[in-house]
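Please read the structure below before turning to the comments.
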Amino acid sequence: MYYETATNDHGLPHDPLKALVAPRPIGWISSLDANGQPNLAPYSFFNLLSTHPAIVGFSSATLKDSQRNIEETGDFVCNFASVNLIDEVNTTSKHVAADVDEFELSGLHQAPSKLIKAPRVKEARAHLECEYLQTLTLPHDEGGMVWSLVLGRVLAVHIDDRYIKEGLVDTLAMEPLTRMGYMDYGVLGGVETRNRP
Ligand SMILES: Cc1cc2nc3c(=O)[nH]c(=O)nc-3n(C[C@H](O)[C@H](O)[C@H](O)COP(=O)(O)O)c2cc1C
């Protein structure tokens, strides 16, 4: 099949695009609002964009609590979403009022960060403590949805020691939860290794 995005005339019951750029890593973003109220939500338009300096970014479709908090308070944590926490990840995506604490809603616990104010998800297997850098408003059609790319610099990294084997992070053992299209989450099925040519 073939379609053009200007008309989006794919003829399918749901937009196929997110099922094609998949699986996507999930940035499980925790932040605080200006009054110190915690917030937690998954973002799969997310990635590590560079390493030195280490910069991460996630895109918010309309201005949501995470973006607002981060712009107001200046920091956030990317918590590692793993398969065992799928229901907690999913619960924290619920559209709730800004004063609802998604840690409580999903039965998760907070752990303090070392360098920033935003709390970490205690149950997560790794965490990136990030300092807010800037927001890029992505190009959009007039009257259409506005997406913003929120960028942060990774200041500190926490890794559960159980997943470091012979000096290497065993990503497969960490069971990263990924996002695909529709209502689907992805689970990694294996590793293939090649030396660079
Ligand atoms: C796995 C998953 C990934 C998501 N990724 C995004 C995303 O990249 N951008 C976005 O705007 N919403 C995304 N959502 C929806 C948000 O999590 C949802 O709107 C949430 O309520 C936002 O919370 P907040 O207002 O506390 O930031 C995703 C939902 C799920 C379940």
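By convention here, the chains of the structure tokens are called A, B, ... in the order presented, each chain's residues are numbered starting at 1, and ligands are numbered starting at 1 in the order presented.
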Would you name the residues within 9 Å of ligand 1, counting only C-alpha atoms and all ligand atoms, and put them as a PyMOL selection string? chain A and resi 24-31+39-46+58-69+86+89-98+100-102+147-148+177-180+183-185
Arg125 in chain A environment, 10 Å, only C-alpha atoms, sequence neighbours closer than 5 positions dropped, as a list in words: Asn79, Phe80, Ala81, Ser82, His158, Ile159, Asp160, Asp161, Arg162, Tyr163, Met174, Glu175 and Pro176 of chain A
Quick one: DSSP strand (DSSP E or B) residues in range 5-176 of chain A, as a ChimeraX atom specification? /A:24-25,27-32,38-43,46-51,54-61,75-80,82,110-111,120-121,126-137,147-159,164-165,168-169,176
I need the helix (DSSP H, G or I) residues of chain A per DSSP on the backbone, written as a count of residues only. 34
To one decimal place, how far is CA of Ile164 in chain A from CA of Pro197 in chain A in Å?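 About the pair CA of Ile164 in chain A and CA of Pro197 in chain A: they are 26.5 Å apart.
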Pairwise distance for CA of His109 in chain A and CA of Ala124 in chain A, rounded to one decimal in Å: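 Between CA of His109 in chain A and CA of Ala124 in chain A the gap works out to 9.7 Å.
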Taking into account only C-alpha atoms, which residue in the set A:Asp170, A:Glu123, A:Glu131, A:Asp15 is nearest to Phe76 in chain A? A:Glu131
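A straight line drawn from CA of Met145 in chain A to CA of Ala54 in chain A is 28.9 Å long.
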